[in-house]
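Below is query.cif, which holds mmCIF, C-alpha atoms, pLDDT in the B column; chains and numbers go by the auth columns.
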```
data_coords
loop_
_atom_site.group_PDB
_atom_site.id
_atom_site.type_symbol
_atom_site.label_atom_id
_atom_site.label_comp_id
_atom_site.label_asym_id
_atom_site.label_seq_id
_atom_site.Cartn_x
_atom_site.Cartn_y
_atom_site.Cartn_z
_atom_site.B_iso_or_equiv
_atom_site.auth_seq_id
_atom_site.auth_asym_id
ATOM 1 C CA MET A 1 -145.709 117.171 221.996 66.00 167 M
ATOM 2 C CA SER A 2 -145.907 113.453 221.351 69.00 168 M
ATOM 3 C CA THR A 3 -149.078 111.472 221.943 75.00 169 M
ATOM 4 C CA SER A 4 -149.681 107.746 221.778 81.00 170 M
ATOM 5 C CA THR A 5 -150.306 108.117 218.018 84.00 171 M
ATOM 6 C CA THR A 6 -147.684 110.722 217.092 90.00 172 M
ATOM 7 C CA ALA A 7 -144.018 111.435 217.695 93.00 173 M
ATOM 8 C CA SER A 8 -142.507 114.827 218.479 94.00 174 M
ATOM 9 C CA VAL A 9 -139.250 116.483 217.450 96.00 175 M
ATOM 10 C CA SER A 10 -136.977 119.158 218.888 96.00 176 M
ATOM 11 C CA THR A 11 -133.490 120.329 217.993 97.00 177 M
ATOM 12 C CA HIS A 12 -130.734 122.725 218.899 97.00 178 M
ATOM 13 C CA ILE A 13 -127.425 123.749 217.343 98.00 179 M
ATOM 14 C CA LEU A 14 -124.076 124.246 219.028 98.00 180 M
ATOM 15 C CA ASP A 15 -121.320 125.949 217.028 96.00 181 M
ATOM 16 C CA THR A 16 -118.354 123.932 218.256 95.00 182 M
ATOM 17 C CA SER A 17 -115.868 126.323 216.636 92.00 183 M
ATOM 18 C CA VAL A 18 -116.736 128.927 219.261 93.00 184 M
ATOM 19 C CA GLY A 19 -118.374 126.759 221.934 96.00 185 M
ATOM 20 C CA ARG A 20 -121.655 128.690 221.743 97.00 186 M
ATOM 21 C CA PRO A 21 -125.198 128.152 220.469 98.00 187 M
ATOM 22 C CA ALA A 22 -125.801 129.013 216.825 97.00 188 M
ATOM 23 C CA GLU A 23 -128.456 131.727 216.744 97.00 189 M
ATOM 24 C CA GLY A 24 -130.611 132.574 213.730 96.00 190 M
ATOM 25 C CA VAL A 25 -130.285 129.341 211.733 97.00 191 M
ATOM 26 C CA ALA A 26 -133.403 128.552 209.691 97.00 192 M
ATOM 27 C CA VAL A 27 -134.714 125.016 210.228 98.00 193 M
ATOM 28 C CA GLN A 28 -137.359 123.334 208.074 98.00 194 M
ATOM 29 C CA LEU A 29 -139.290 120.250 209.198 98.00 195 M
ATOM 30 C CA SER A 30 -140.672 117.670 206.775 98.00 196 M
ATOM 31 C CA ALA A 31 -142.322 114.296 207.344 98.00 197 M
ATOM 32 C CA ARG A 32 -143.509 111.263 205.434 98.00 198 M
ATOM 33 C CA ALA A 33 -145.722 108.306 206.266 96.00 199 M
ATOM 34 C CA ALA A 34 -143.616 105.551 204.678 95.00 200 M
ATOM 35 C CA ARG A 35 -140.150 104.971 203.276 93.00 201 M
ATOM 36 C CA ASN A 36 -141.273 105.551 199.678 94.00 202 M
ATOM 37 C CA ALA A 37 -143.880 108.251 200.382 97.00 203 M
ATOM 38 C CA ASP A 38 -143.448 111.862 199.310 97.00 204 M
ATOM 39 C CA TRP A 39 -142.101 114.355 201.837 98.00 205 M
ATOM 40 C CA GLN A 40 -144.641 116.792 203.292 98.00 206 M
ATOM 41 C CA ALA A 41 -143.200 120.165 204.317 98.00 207 M
ATOM 42 C CA LEU A 42 -144.664 120.996 207.733 98.00 208 M
ATOM 43 C CA GLY A 43 -143.062 124.380 208.357 96.00 209 M
ATOM 44 C CA GLY A 44 -140.061 125.759 210.093 94.00 210 M
ATOM 45 C CA SER A 45 -138.482 127.976 212.639 95.00 211 M
ATOM 46 C CA ALA A 46 -135.142 129.588 213.444 97.00 212 M
ATOM 47 C CA THR A 47 -132.830 128.959 216.340 98.00 213 M
ATOM 48 C CA ASP A 48 -133.011 131.379 219.243 97.00 214 M
ATOM 49 C CA ALA A 49 -130.142 132.829 221.317 97.00 215 M
ATOM 50 C CA ASP A 50 -129.837 129.440 223.051 98.00 216 M
ATOM 51 C CA GLY A 51 -129.576 127.661 219.661 97.00 217 M
ATOM 52 C CA ARG A 52 -132.990 126.022 220.120 97.00 218 M
ATOM 53 C CA CYS A 53 -136.057 125.794 217.907 94.00 219 M
ATOM 54 C CA LYS A 54 -138.914 125.926 220.376 89.00 220 M
ATOM 55 C CA ASP A 55 -141.789 126.160 217.903 91.00 221 M
ATOM 56 C CA LEU A 56 -141.375 123.392 215.340 94.00 222 M
ATOM 57 C CA PRO A 57 -144.732 122.138 214.009 94.00 223 M
ATOM 58 C CA ASP A 58 -146.351 118.968 215.330 93.00 224 M
ATOM 59 C CA LEU A 59 -145.934 115.781 213.333 96.00 225 M
ATOM 60 C CA PRO A 60 -149.057 114.350 211.712 96.00 226 M
ATOM 61 C CA GLU A 61 -150.370 110.930 212.689 95.00 227 M
ATOM 62 C CA GLY A 62 -148.763 108.151 210.709 95.00 228 M
ATOM 63 C CA THR A 63 -145.355 109.834 210.414 97.00 229 M
ATOM 64 C CA THR A 64 -142.579 107.267 210.039 97.00 230 M
ATOM 65 C CA HIS A 65 -139.698 109.455 208.845 98.00 231 M
ATOM 66 C CA VAL A 66 -138.669 113.031 209.616 98.00 232 M
ATOM 67 C CA ARG A 67 -136.233 115.372 207.903 98.00 233 M
ATOM 68 C CA LEU A 68 -134.684 118.468 209.457 98.00 234 M
ATOM 69 C CA ASP A 69 -133.084 120.881 206.982 98.00 235 M
ATOM 70 C CA PHE A 70 -130.670 123.389 208.521 98.00 236 M
ATOM 71 C CA ALA A 71 -129.732 126.427 206.385 97.00 237 M
ATOM 72 C CA VAL A 72 -126.276 127.035 207.856 96.00 238 M
ATOM 73 C CA GLU A 73 -124.710 129.050 205.014 95.00 239 M
ATOM 74 C CA ALA A 74 -126.314 132.367 206.058 94.00 240 M
ATOM 75 C CA TYR A 75 -125.244 131.765 209.684 94.00 241 M
ATOM 76 C CA PHE A 76 -121.579 131.311 208.723 92.00 242 M
ATOM 77 C CA GLU A 77 -121.640 134.215 206.274 90.00 243 M
ATOM 78 C CA LYS A 78 -122.973 136.523 209.002 85.00 244 M
ATOM 79 C CA LYS A 79 -120.424 135.192 211.468 82.00 245 M
ATOM 80 C CA GLN A 80 -117.641 135.780 208.924 76.00 246 M
ATOM 81 C CA ALA A 81 -118.887 139.313 208.162 71.00 247 M
ATOM 82 C CA ASP A 82 -118.979 140.139 211.894 67.00 248 M
ATOM 83 C CA ALA A 83 -115.417 138.838 212.304 62.00 249 M
ATOM 84 C CA GLN A 84 -114.216 140.915 209.361 53.00 250 M
ATOM 85 C CA GLN A 85 -115.608 144.075 210.933 54.00 251 M
ATOM 86 C CA ASP A 86 -113.568 143.361 214.040 52.00 252 M
ATOM 87 C CA ALA A 87 -110.393 142.310 212.205 49.00 253 M
ATOM 88 C CA PRO A 88 -110.377 143.334 208.517 50.00 254 M
ATOM 89 C CA ALA A 89 -106.828 142.025 208.023 45.00 255 M
ATOM 90 C CA ASN A 90 -108.054 138.461 208.665 45.00 256 M
ATOM 91 C CA ARG A 91 -110.441 138.232 205.707 47.00 257 M
ATOM 92 C CA ASP A 92 -111.110 134.734 204.444 51.00 258 M
ATOM 93 C CA SER A 93 -112.329 134.534 200.865 49.00 259 M
ATOM 94 C CA GLY A 94 -113.370 130.884 201.240 58.00 260 M
ATOM 95 C CA SER A 95 -116.984 129.830 200.910 71.00 261 M
ATOM 96 C CA VAL A 96 -119.035 127.761 203.299 82.00 262 M
ATOM 97 C CA PHE A 97 -118.190 124.079 202.838 90.00 263 M
ATOM 98 C CA PHE A 98 -121.591 122.711 203.932 92.00 264 M
ATOM 99 C CA PRO A 99 -124.244 125.317 203.014 94.00 265 M
ATOM 100 C CA GLU A 100 -127.051 123.017 204.165 96.00 266 M
ATOM 101 C CA VAL A 101 -127.341 120.102 206.545 97.00 267 M
ATOM 102 C CA ALA A 102 -130.199 117.628 206.048 98.00 268 M
ATOM 103 C CA ILE A 103 -130.837 115.033 208.728 98.00 269 M
ATOM 104 C CA THR A 104 -133.329 112.234 208.097 98.00 270 M
ATOM 105 C CA PHE A 105 -134.406 109.786 210.798 98.00 271 M
ATOM 106 C CA ALA A 106 -137.113 107.243 211.577 97.00 272 M
ATOM 107 C CA VAL A 107 -139.662 107.824 214.333 97.00 273 M
ATOM 108 C CA ASN A 108 -142.154 105.774 216.330 95.00 274 M
ATOM 109 C CA PRO A 109 -145.485 107.021 217.709 94.00 275 M
ATOM 110 C CA GLY A 110 -145.422 108.124 221.324 93.00 276 M
ATOM 111 C CA GLU A 111 -141.712 108.956 221.408 95.00 277 M
ATOM 112 C CA HIS A 112 -139.907 112.285 221.537 95.00 278 M
ATOM 113 C CA TYR A 113 -136.841 112.834 219.358 97.00 279 M
ATOM 114 C CA HIS A 114 -134.345 115.522 220.288 97.00 280 M
ATOM 115 C CA VAL A 115 -131.753 115.821 217.501 97.00 281 M
ATOM 116 C CA PRO A 116 -128.886 118.206 218.327 98.00 282 M
ATOM 117 C CA LEU A 117 -126.580 119.449 215.568 98.00 283 M
ATOM 118 C CA LEU A 118 -122.935 120.052 216.484 98.00 284 M
ATOM 119 C CA LEU A 119 -121.624 122.397 213.830 95.00 285 M
ATOM 120 C CA ASN A 120 -118.350 123.946 212.708 93.00 286 M
ATOM 121 C CA PRO A 121 -117.268 125.524 209.409 90.00 287 M
ATOM 122 C CA PHE A 122 -115.884 122.256 208.013 91.00 288 M
ATOM 123 C CA GLY A 123 -118.012 119.526 209.548 94.00 289 M
ATOM 124 C CA TYR A 124 -120.962 118.531 211.658 97.00 290 M
ATOM 125 C CA SER A 125 -122.339 115.657 213.692 98.00 291 M
ATOM 126 C CA VAL A 126 -125.751 114.760 215.043 98.00 292 M
ATOM 127 C CA TYR A 127 -127.083 112.329 217.591 97.00 293 M
ATOM 128 C CA ARG A 128 -130.324 111.380 219.284 96.00 294 M
ATOM 129 C CA GLY A 129 -130.365 113.403 222.452 94.00 295 M
ATOM 130 C CA SER A 130 -132.749 113.314 225.373 88.00 296 M
#
```
What do you get writing this file as structure tokens?
Amino acid sequence: MSTSTTASVSTHILDTSVGRPAEGVAVQLSARAARNADWQALGGSATDADGRCKDLPDLPEGTTHVRLDFAVEAYFEKKQADAQQDAPANRDSGSVFFPEVAITFAVNPGEHYHVPLLLNPFGYSVYRGS
């Protein structure tokens, strides 16, 4: 939760290739206090059945930049394995094109930042949500 001296962050992932939330994607949260400062790993979570991370750590006071790292490779590999069980003739030997997605953004104290990730096997987009 944001306070007058800190910002807060939330995220969710929608797999646009199937029009459903992406469940079980690991998300790591990092922060820094200036453009040239070192990143501080704060912890992480995984998306729930609704594609949301409801328990990301709080940002420390003085945070100016945030990075969300999404480990999407395991999600797509599991999805591909599940599809192969249902239809073995449709096996795809291709690898995941984007195994990780890293989103970095600037924050201001007292504001909340909701950063949704729209994901498919060959691309992604993000935006500042509400």
Atom pair atom CA of M:Glu243 / atom CA of M:Ser183: separation (Å):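 About the pair atom CA of M:Glu243 and atom CA of M:Ser183: they are 14.2 Å apart.
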Can you list what the PyMOL selection byres ((chain M and resi 266) around 10) grabs from this structure, as a PyMOL selection string?
chain M and resi 193+235-240+262-265+267-269
Can you give me, as a ChimeraX atom specification, the residues this file yields under the PyMOL selection byres ((chain M and resi 184-189) around 7)?
/M:179-183,190-191,213-217
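Across the structure, atom CA of M:Leu195 and atom CA of M:Ser296 are spaced 18.8 Å apart.
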Open item on the list: I need every residue sitting at most 10 Å from the point (-136.6, 115.3, 200.8) (coordinates as in the file, only C-alpha atoms considered), written as number ranges by chain.
Closed with: M: 196-198, 204-207, 232-235, 268-270
